Amino acid sequence: MKLAMLGGGGFRTPLVYRALLGDTAERRVTEVRLHDVDEARLAAITRVLDAMADGDAQAPVVRATTDLDEALDGVDFVFSAIRTGGLEARTADERVALAHGLLGQETVGPGGISFGLRTVPVALHVARRVAAVAPGAWVINFTNPAGMITEAMAGVLGERVVGICDSPIAMARRAVRLLGLDPQRTRVDYVGLNHLGWLRALEVDGVDRLPQLLGDDRLLLATEEGRLFGSEWLRTIGMLPNEYLYYYYFTRDAVTGILAAGQTRGEYLDAQQSSFYATLNDETVDALAEWDRVRLERNATYMKEARGADDERDDDDIEGGGYEGVALALMAAIARDEPAELILNVRNGTTIPCLPQDAVVEVPCRVDATGPHPHPTPPLTGHPLGLVQQMKAVDRLVIEAAITGSVDRAVEAFALHPLVDSVSVARELLADYRARIPAVDEVFTRGR
């Protein structure tokens, strides 16, 4: 099989390639096409992949290109992990929001809207090219904001685009492991949107075992979620939230933590990755060793602003990427009809009745050769229902604004976001993002 990786010069590309190296099935990926707009980054990552393959004759052949159609032509799967505007735009996403006293984060709050506005047009172009030159391909979307971008691409590709994220399945697996449950016999009740979901139950033989975890501080504080949210709050809501809900439940704390750090996550990654790619310009440097060192450092500092100074991440979380395993399992299920149970971003249908059928939601699915099939789920109730409906409305406004170039729809999206506290501020945010990020301004000026 052939796999195109868009954003192939990105730092996390080797995680996917490493997972492919471990796949020994007869029908597996034998060719990987890396696509990126930056030739230097492509060259650096190709060096890392070559070192990973280490002369293995069975390793997937790697071909790098800056031509999108060349990368897509005739492939079986497309893995999309693009970042429109690069890390420079991400830092603007964060800093513009912080200048207004609001949360500065790349997928949550104003930053997520800015990211979506400039990314939707690019994602739609990719979707149209896939439909033209690789109509039988499945697209696995990891481009953020993942739910919003998957929904936009689904308008072109229908069911053949699936969004993935490692956060929900990693949370569920941690909980199952800590409770000593059999994963094959455990029904996971997780529901929501990307970066906005809740683990509501872990059922074994009709008995929900999640209350056992919530009631045991020792077990609960052994989870990332327990340390992040605190056992008292988790018992109050009776669920395990996706880690990104920290930014909604503890907004002031998050803003204070980011400002106190003196450097946003985007600024940290920009400096780190600039150094990494510059280092790999030296042909004498061990590319794989350098990538691995930087990877562990990057993972260890993930969501650092939300944890206490002495709260270190688990070794498993630092070592594991996670999403590459989800991508490989998804491809194996579809290409080889190896059924898998995965939490994915897919079209809603009738899974969550309170949302439109064409809305993309994040729910447990059974995946086989015909693609993902969402499991029936109990209705959303309480505050998750309201938050999901509000955020889905924002997502759809962003998509409409990005497609039509409507300033009114963009302002409406900012104003209706639960982390933006004024219509006046919404207007200022849009003006500031347009001034700071050319790709955002182009959404509203193209064709003029």
# chains A, B, ... in the order shown; residues from 1 in each chain; ligands from 1
call {"tool": "residues_around", "arguments": {"residues": "Ala99 (chain A)", "least_positions_apart": "5", "cutoff": "12 Å", "atoms": "only C-alpha atoms", "output": "compact mmCIF listing (two decimals) with N, CA and C atoms, in the first residue's frame"}}
result
# COMPACT_ATOMS: atom_id res chain seq x y z
N ALA A 92 1.32 33.60 17.38
CA ALA A 92 0.38 34.72 17.27
C ALA A 92 -0.99 34.32 17.78
N ASP A 93 -1.42 33.09 17.48
CA ASP A 93 -2.69 32.58 18.03
C ASP A 93 -2.72 32.77 19.55
N GLU A 94 -1.61 32.42 20.17
CA GLU A 94 -1.53 32.45 21.63
C GLU A 94 -1.42 33.88 22.15
N GLY A 104 -4.62 31.75 25.73
CA GLY A 104 -3.82 31.62 24.52
C GLY A 104 -3.40 30.17 24.32
N PRO A 110 -9.86 31.57 21.38
CA PRO A 110 -9.63 32.39 20.19
C PRO A 110 -8.56 31.83 19.28
N GLY A 111 -7.51 31.26 19.86
CA GLY A 111 -6.43 30.70 19.04
C GLY A 111 -6.91 29.59 18.14
N VAL A 255 -4.63 30.63 32.24
CA VAL A 255 -4.09 31.90 31.76
C VAL A 255 -2.95 32.37 32.67
N LEU A 259 0.97 32.88 31.50
CA LEU A 259 1.64 34.18 31.65
C LEU A 259 2.84 34.07 32.58
N VAL A 425 -14.88 42.50 22.20
CA VAL A 425 -13.59 41.80 22.21
C VAL A 425 -13.48 40.88 20.99
N GLU A 428 -12.33 42.87 18.14
CA GLU A 428 -10.91 43.22 18.30
C GLU A 428 -10.01 42.02 18.02
N LEU A 429 -10.44 40.85 18.45
CA LEU A 429 -9.65 39.64 18.21
C LEU A 429 -9.48 39.40 16.72
N ASP A 432 -7.10 41.87 15.22
CA ASP A 432 -5.71 41.63 15.62
C ASP A 432 -5.13 40.40 14.93
N TYR A 433 -5.94 39.35 14.80
CA TYR A 433 -5.44 38.16 14.10
C TYR A 433 -5.18 38.47 12.62
call {"tool": "closest_atom_pairs", "arguments": {"of": "region 134-176 of chain A", "to": "region 359-364 of chain A", "cutoff": "10 Å", "atoms": "only C-alpha atoms", "output": "JSON lines"}}
result
{"residue": "A:Ala146", "atom": "CA", "partner": "A:Val360", "partner_atom": "CA", "distance": 9.6}
{"residue": "A:Gly147", "atom": "CA", "partner": "A:Val360", "partner_atom": "CA", "distance": 6.1}
{"residue": "A:Met148", "atom": "CA", "partner": "A:Val360", "partner_atom": "CA", "distance": 7.4}
{"residue": "A:Ile149", "atom": "CA", "partner": "A:Val360", "partner_atom": "CA", "distance": 9.3}
{"residue": "A:Thr150", "atom": "CA", "partner": "A:Val360", "partner_atom": "CA", "distance": 7.0}
{"residue": "A:Glu151", "atom": "CA", "partner": "A:Val360", "partner_atom": "CA", "distance": 5.3}
{"residue": "A:Ala152", "atom": "CA", "partner": "A:Val360", "partner_atom": "CA", "distance": 9.1}
{"residue": "A:Ala154", "atom": "CA", "partner": "A:Val360", "partner_atom": "CA", "distance": 8.6}
{"residue": "A:Val162", "atom": "CA", "partner": "A:Val360", "partner_atom": "CA", "distance": 9.2}
{"residue": "A:Gly163", "atom": "CA", "partner": "A:Glu362", "partner_atom": "CA", "distance": 8.4}
{"residue": "A:Ile164", "atom": "CA", "partner": "A:Glu362", "partner_atom": "CA", "distance": 8.7}
{"residue": "A:Cys165", "atom": "CA", "partner": "A:Glu362", "partner_atom": "CA", "distance": 9.1}
{"residue": "A:Pro168", "atom": "CA", "partner": "A:Glu362", "partner_atom": "CA", "distance": 8.8}
{"residue": "A:Ile169", "atom": "CA", "partner": "A:Pro364", "partner_atom": "CA", "distance": 9.0}
call {"tool": "write_last_selection", "arguments": {"atoms": "C-alpha atoms", "output": "CSV table (one decimal), in the first residue's frame"}}
result
chain,number,residue,atom,x,y,z
A,146,ALA,CA,-9.1,18.2,14.2
A,147,GLY,CA,-12.9,18.0,14.6
A,148,MET,CA,-13.5,21.2,12.7
A,149,ILE,CA,-11.0,20.3,9.9
A,150,THR,CA,-12.4,16.8,9.5
A,151,GLU,CA,-15.9,18.2,9.2
A,152,ALA,CA,-14.8,20.7,6.5
A,154,ALA,CA,-16.1,15.6,4.9
A,162,VAL,CA,-11.6,10.3,9.6
A,163,GLY,CA,-10.1,12.5,12.4
A,164,ILE,CA,-7.9,11.0,15.0
A,165,CYS,CA,-6.6,12.1,18.4
A,168,PRO,CA,-9.3,10.0,24.5
A,169,ILE,CA,-8.1,6.5,23.8
call {"tool": "residues_around", "arguments": {"residues": "region 32-43 of chain A", "least_positions_apart": "2", "cutoff": "8 Å", "atoms": "only C-alpha atoms", "output": "list in words"}}
result
Lys2, Leu3, Ala4, Met5, Leu6, Gly7, Gly8, Gly9, Gly10, Val29, Thr30, Ile45, Thr46, Arg47, Pro60, Val61, Val62, Arg63, Ala64, Thr65, Thr66, Asp67, Leu68, Ala71 and Tyr277 of chain A
call {"tool": "select_by_dssp", "arguments": {"residues": "region 232-415 of chain A", "states": "strand (DSSP E)", "output": "MDAnalysis selection string"}}
result
chainID A and resid 240:241 340:347 360:368 371:374
call {"tool": "residues_around", "arguments": {"residues": "region 213-216 of chain A", "least_positions_apart": "6", "cutoff": "10 Å", "atoms": "only C-alpha atoms", "output": "ChimeraX atom specification"}}
result
/A:175-176,178-179,202,223,226,231-232,234-236,238-240
call {"tool": "write_last_selection", "arguments": {"atoms": "C-alpha atoms", "output": "CSV table (one decimal), in the first residue's frame"}}
result
chain,number,residue,atom,x,y,z
A,175,ALA,CA,-8.4,3.9,33.4
A,176,VAL,CA,-8.9,0.3,32.2
A,178,LEU,CA,-5.5,0.9,36.6
A,179,LEU,CA,-8.8,-0.9,37.4
A,202,LEU,CA,-16.5,1.7,31.8
A,223,THR,CA,-3.9,9.2,36.2
A,226,GLY,CA,-6.6,13.0,38.4
A,231,SER,CA,-10.0,14.2,42.6
A,232,GLU,CA,-12.5,16.5,44.2
A,234,LEU,CA,-13.7,14.7,39.1
A,235,ARG,CA,-16.0,13.2,41.8
A,236,THR,CA,-18.1,16.3,41.6
A,238,GLY,CA,-18.7,12.1,38.0
A,239,MET,CA,-16.7,11.7,34.8
A,240,LEU,CA,-13.1,11.8,33.5
call {"tool": "atom_distance", "arguments": {"atom1": "CA of Asn348 (chain A)", "atom2": "CA of Cys365 (chain A)"}}
result
11.2 Å
call {"tool": "closest_residue", "arguments": {"among": "A:Arg252, A:Arg396, A:Arg118, A:His383", "to": "Ile237 (chain A)", "atoms": "only C-alpha atoms"}}
result
A:His383
call {"tool": "closest_residue", "arguments": {"among": "A:Pro356, A:Glu442, A:Gly55, A:Leu103", "to": "Thr256 (chain A)", "atoms": "only C-alpha atoms"}}
result
A:Leu103
call {"tool": "closest_residue", "arguments": {"among": "A:Thr143, A:Gln273, A:Gln357, A:Ala222", "to": "Trp291 (chain A)", "atoms": "only C-alpha atoms"}}
result
A:Gln273
call {"tool": "atom_distance", "arguments": {"atom1": "CA of Val204 (chain A)", "atom2": "CA of Arg185 (chain A)"}}
result
6.0 Å
call {"tool": "closest_residue", "arguments": {"among": "A:Asp189, A:Glu324, A:Asp50, A:Glu159", "to": "Phe142 (chain A)", "atoms": "only C-alpha atoms"}}
result
A:Glu324
call {"tool": "select_by_dssp", "arguments": {"residues": "region 76-306 of chain A", "states": "helix (DSSP H, G or I)", "output": "PDB file with C-alpha atoms, in the first residue's frame"}}
result
ATOM      1  CA  GLY A  86       3.791  27.333  10.869  1.00  0.00           C
ATOM      2  CA  LEU A  87       4.761  27.842  14.490  1.00  0.00           C
ATOM      3  CA  GLU A  88       5.073  31.577  13.920  1.00  0.00           C
ATOM      4  CA  ALA A  89       1.315  31.754  13.381  1.00  0.00           C
ATOM      5  CA  ARG A  90       0.748  29.500  16.382  1.00  0.00           C
ATOM      6  CA  THR A  91       2.593  31.930  18.634  1.00  0.00           C
ATOM      7  CA  ALA A  92       0.383  34.723  17.274  1.00  0.00           C
ATOM      8  CA  ASP A  93      -2.693  32.580  18.034  1.00  0.00           C
ATOM      9  CA  GLU A  94      -1.534  32.450  21.631  1.00  0.00           C
ATOM     10  CA  ARG A  95      -0.233  35.989  22.113  1.00  0.00           C
ATOM     11  CA  VAL A  96      -3.182  37.832  20.545  1.00  0.00           C
ATOM     12  CA  ALA A  97      -5.569  36.098  22.950  1.00  0.00           C
ATOM     13  CA  LEU A  98      -3.310  36.681  25.953  1.00  0.00           C
ATOM     14  CA  ALA A  99      -3.086  40.393  25.095  1.00  0.00           C
ATOM     15  CA  PRO A 110      -9.634  32.390  20.191  1.00  0.00           C
ATOM     16  CA  GLY A 111      -6.429  30.705  19.040  1.00  0.00           C
ATOM     17  CA  GLY A 112      -8.378  27.691  17.826  1.00  0.00           C
ATOM     18  CA  ILE A 113     -10.691  29.929  15.811  1.00  0.00           C
ATOM     19  CA  SER A 114      -7.754  31.730  14.195  1.00  0.00           C
ATOM     20  CA  PHE A 115      -6.114  28.377  13.447  1.00  0.00           C
ATOM     21  CA  GLY A 116      -9.338  27.073  11.924  1.00  0.00           C
ATOM     22  CA  LEU A 117      -9.984  30.146   9.769  1.00  0.00           C
ATOM     23  CA  ARG A 118      -6.638  29.878   7.988  1.00  0.00           C
ATOM     24  CA  THR A 119      -6.567  26.076   7.836  1.00  0.00           C
ATOM     25  CA  VAL A 120     -10.047  25.271   6.469  1.00  0.00           C
ATOM     26  CA  PRO A 121      -9.298  26.680   2.971  1.00  0.00           C
ATOM     27  CA  VAL A 122      -6.063  24.667   2.770  1.00  0.00           C
ATOM     28  CA  ALA A 123      -7.781  21.495   4.010  1.00  0.00           C
ATOM     29  CA  LEU A 124     -10.545  21.919   1.430  1.00  0.00           C
ATOM     30  CA  HIS A 125      -7.948  22.274  -1.325  1.00  0.00           C
ATOM     31  CA  VAL A 126      -6.310  19.057  -0.124  1.00  0.00           C
ATOM     32  CA  ALA A 127      -9.683  17.280  -0.048  1.00  0.00           C
ATOM     33  CA  ARG A 128     -10.451  18.337  -3.627  1.00  0.00           C
ATOM     34  CA  ARG A 129      -7.053  17.149  -4.845  1.00  0.00           C
ATOM     35  CA  VAL A 130      -7.533  13.806  -3.067  1.00  0.00           C
ATOM     36  CA  ALA A 131     -10.909  13.425  -4.759  1.00  0.00           C
ATOM     37  CA  ALA A 132      -9.295  14.208  -8.131  1.00  0.00           C
ATOM     38  CA  VAL A 133      -6.088  12.137  -8.060  1.00  0.00           C
ATOM     39  CA  ALA A 146      -9.069  18.167  14.214  1.00  0.00           C
ATOM     40  CA  GLY A 147     -12.851  17.975  14.588  1.00  0.00           C
ATOM     41  CA  MET A 148     -13.463  21.197  12.675  1.00  0.00           C
ATOM     42  CA  ILE A 149     -11.022  20.337   9.876  1.00  0.00           C
ATOM     43  CA  THR A 150     -12.397  16.802   9.533  1.00  0.00           C
ATOM     44  CA  GLU A 151     -15.908  18.229   9.240  1.00  0.00           C
ATOM     45  CA  ALA A 152     -14.836  20.684   6.548  1.00  0.00           C
ATOM     46  CA  MET A 153     -13.082  17.946   4.544  1.00  0.00           C
ATOM     47  CA  ALA A 154     -16.080  15.625   4.931  1.00  0.00           C
ATOM     48  CA  GLY A 155     -18.066  18.130   2.878  1.00  0.00           C
ATOM     49  CA  VAL A 156     -15.903  16.995  -0.064  1.00  0.00           C
ATOM     50  CA  LEU A 157     -14.888  13.437   0.848  1.00  0.00           C
ATOM     51  CA  GLY A 158     -17.909  12.253   2.833  1.00  0.00           C
ATOM     52  CA  GLU A 159     -17.223   9.222   5.027  1.00  0.00           C
ATOM     53  CA  ARG A 160     -13.727   8.691   3.599  1.00  0.00           C
ATOM     54  CA  SER A 167      -5.996  11.869  24.060  1.00  0.00           C
ATOM     55  CA  PRO A 168      -9.338  10.043  24.543  1.00  0.00           C
ATOM     56  CA  ILE A 169      -8.132   6.530  23.836  1.00  0.00           C
ATOM     57  CA  ALA A 170      -5.044   7.038  26.028  1.00  0.00           C
ATOM     58  CA  MET A 171      -7.275   8.201  28.892  1.00  0.00           C
ATOM     59  CA  ALA A 172      -9.593   5.210  28.518  1.00  0.00           C
ATOM     60  CA  ARG A 173      -6.700   2.752  28.378  1.00  0.00           C
ATOM     61  CA  ARG A 174      -5.108   4.224  31.512  1.00  0.00           C
ATOM     62  CA  ALA A 175      -8.370   3.870  33.393  1.00  0.00           C
ATOM     63  CA  VAL A 176      -8.908   0.295  32.199  1.00  0.00           C
ATOM     64  CA  ARG A 177      -5.352  -0.644  33.168  1.00  0.00           C
ATOM     65  CA  LEU A 178      -5.541   0.906  36.634  1.00  0.00           C
ATOM     66  CA  PRO A 183     -10.017  -4.344  27.545  1.00  0.00           C
ATOM     67  CA  GLN A 184     -11.859  -6.840  25.348  1.00  0.00           C
ATOM     68  CA  ARG A 185     -14.774  -7.042  27.786  1.00  0.00           C
ATOM     69  CA  LEU A 210     -15.718   4.031  36.664  1.00  0.00           C
ATOM     70  CA  PRO A 211     -17.133   4.936  40.134  1.00  0.00           C
ATOM     71  CA  GLN A 212     -14.509   2.618  41.637  1.00  0.00           C
ATOM     72  CA  LEU A 213     -11.765   4.718  40.054  1.00  0.00           C
ATOM     73  CA  LEU A 214     -13.396   8.014  41.017  1.00  0.00           C
ATOM     74  CA  ASP A 217      -7.694   8.727  45.469  1.00  0.00           C
ATOM     75  CA  ARG A 218      -4.681   6.466  45.108  1.00  0.00           C
ATOM     76  CA  LEU A 219      -5.877   5.177  41.734  1.00  0.00           C
ATOM     77  CA  LEU A 220      -7.302   8.478  40.580  1.00  0.00           C
ATOM     78  CA  GLU A 224      -2.964  12.315  34.237  1.00  0.00           C
ATOM     79  CA  GLU A 225      -6.569  13.484  34.617  1.00  0.00           C
ATOM     80  CA  GLY A 226      -6.574  13.015  38.384  1.00  0.00           C
ATOM     81  CA  ARG A 227      -3.463  15.118  38.823  1.00  0.00           C
ATOM     82  CA  LEU A 228      -4.635  17.723  36.325  1.00  0.00           C
ATOM     83  CA  PHE A 229      -8.209  18.298  37.552  1.00  0.00           C
ATOM     84  CA  SER A 231      -9.964  14.196  42.612  1.00  0.00           C
ATOM     85  CA  GLU A 232     -12.539  16.501  44.227  1.00  0.00           C
ATOM     86  CA  TRP A 233     -13.622  18.042  40.912  1.00  0.00           C
ATOM     87  CA  LEU A 234     -13.690  14.699  39.114  1.00  0.00           C
ATOM     88  CA  ARG A 235     -15.954  13.234  41.783  1.00  0.00           C
ATOM     89  CA  THR A 236     -18.137  16.346  41.568  1.00  0.00           C
ATOM     90  CA  ILE A 237     -18.818  15.865  37.851  1.00  0.00           C
ATOM     91  CA  GLU A 243      -7.335  16.892  29.357  1.00  0.00           C
ATOM     92  CA  TYR A 244      -8.172  19.889  27.156  1.00  0.00           C
ATOM     93  CA  LEU A 245     -11.246  20.584  29.281  1.00  0.00           C
ATOM     94  CA  TYR A 246      -8.802  21.953  31.849  1.00  0.00           C
ATOM     95  CA  TYR A 247      -8.881  25.124  29.770  1.00  0.00           C
ATOM     96  CA  TYR A 248     -12.654  25.392  30.281  1.00  0.00           C
ATOM     97  CA  TYR A 249     -12.892  24.279  33.920  1.00  0.00           C
ATOM     98  CA  THR A 251      -9.546  29.018  32.663  1.00  0.00           C
ATOM     99  CA  ARG A 252      -8.123  31.629  35.025  1.00  0.00           C
ATOM    100  CA  ASP A 253      -5.573  29.155  36.356  1.00  0.00           C
ATOM    101  CA  ALA A 254      -4.510  28.265  32.814  1.00  0.00           C
ATOM    102  CA  VAL A 255      -4.086  31.900  31.762  1.00  0.00           C
ATOM    103  CA  THR A 256      -2.139  32.659  34.951  1.00  0.00           C
ATOM    104  CA  GLY A 257       0.095  29.636  34.393  1.00  0.00           C
ATOM    105  CA  ILE A 258       0.847  30.550  30.779  1.00  0.00           C
ATOM    106  CA  LEU A 259       1.639  34.175  31.646  1.00  0.00           C
ATOM    107  CA  ALA A 260       3.807  33.116  34.590  1.00  0.00           C
ATOM    108  CA  ALA A 261       5.833  30.840  32.335  1.00  0.00           C
ATOM    109  CA  ARG A 265       3.918  26.596  24.203  1.00  0.00           C
ATOM    110  CA  GLY A 266       4.191  27.816  20.620  1.00  0.00           C
ATOM    111  CA  GLU A 267       7.211  29.966  21.452  1.00  0.00           C
ATOM    112  CA  TYR A 268       8.873  27.035  23.216  1.00  0.00           C
ATOM    113  CA  LEU A 269       8.281  24.686  20.278  1.00  0.00           C
ATOM    114  CA  ASP A 270       9.350  27.315  17.737  1.00  0.00           C
ATOM    115  CA  ALA A 271      12.695  27.751  19.489  1.00  0.00           C
ATOM    116  CA  GLN A 272      13.141  24.013  20.039  1.00  0.00           C
ATOM    117  CA  GLN A 273      12.289  22.996  16.489  1.00  0.00           C
ATOM    118  CA  SER A 274      14.298  25.784  14.875  1.00  0.00           C
ATOM    119  CA  SER A 275      17.312  24.497  16.785  1.00  0.00           C
ATOM    120  CA  PHE A 276      16.529  20.881  15.840  1.00  0.00           C
ATOM    121  CA  TYR A 277      16.252  21.524  12.105  1.00  0.00           C
ATOM    122  CA  ALA A 278      19.328  23.752  12.157  1.00  0.00           C
ATOM    123  CA  THR A 279      21.289  21.039  13.952  1.00  0.00           C
ATOM    124  CA  ALA A 287      19.821  12.467  13.123  1.00  0.00           C
ATOM    125  CA  LEU A 288      17.855   9.750  14.914  1.00  0.00           C
ATOM    126  CA  ALA A 289      19.525  10.292  18.281  1.00  0.00           C
ATOM    127  CA  GLU A 290      18.951  14.039  18.063  1.00  0.00           C
ATOM    128  CA  TRP A 291      15.307  13.578  17.091  1.00  0.00           C
ATOM    129  CA  ASP A 292      14.762  11.145  19.962  1.00  0.00           C
ATOM    130  CA  ARG A 293      16.353  13.488  22.495  1.00  0.00           C
ATOM    131  CA  VAL A 294      14.232  16.428  21.389  1.00  0.00           C
ATOM    132  CA  ARG A 295      11.091  14.251  21.287  1.00  0.00           C
ATOM    133  CA  LEU A 296      11.433  13.178  24.928  1.00  0.00           C
ATOM    134  CA  GLU A 297      12.088  16.763  25.992  1.00  0.00           C
ATOM    135  CA  ARG A 298       9.047  17.973  24.060  1.00  0.00           C
ATOM    136  CA  ASN A 299       6.736  15.314  25.513  1.00  0.00           C
ATOM    137  CA  ALA A 300       7.926  15.882  29.071  1.00  0.00           C
ATOM    138  CA  LYS A 304       3.401  22.080  31.680  1.00  0.00           C
ATOM    139  CA  GLU A 305       1.472  25.253  32.515  1.00  0.00           C
ATOM    140  CA  ALA A 306      -1.405  23.142  33.851  1.00  0.00           C
TER     141      ALA A 306
END
call {"tool": "residues_around", "arguments": {"residues": "Ala401 (chain A)", "least_positions_apart": "4", "cutoff": "10 Å", "atoms": "only C-alpha atoms", "output": "MDAnalysis selection string"}}
result
chainID A and resid 116:117 120 395:397 405:413 443:444
call {"tool": "residues_around", "arguments": {"residues": "Pro374 (chain A)", "least_positions_apart": "2", "cutoff": "9 Å", "atoms": "only C-alpha atoms", "output": "number ranges by chain"}}
result
A: 343-344, 346-349, 351, 363-367, 372, 376-377
call {"tool": "closest_residue", "arguments": {"among": "A:Val440, A:Leu342, A:Leu419, A:Ala369", "to": "Gly85 (chain A)", "atoms": "only C-alpha atoms"}}
result
A:Val440
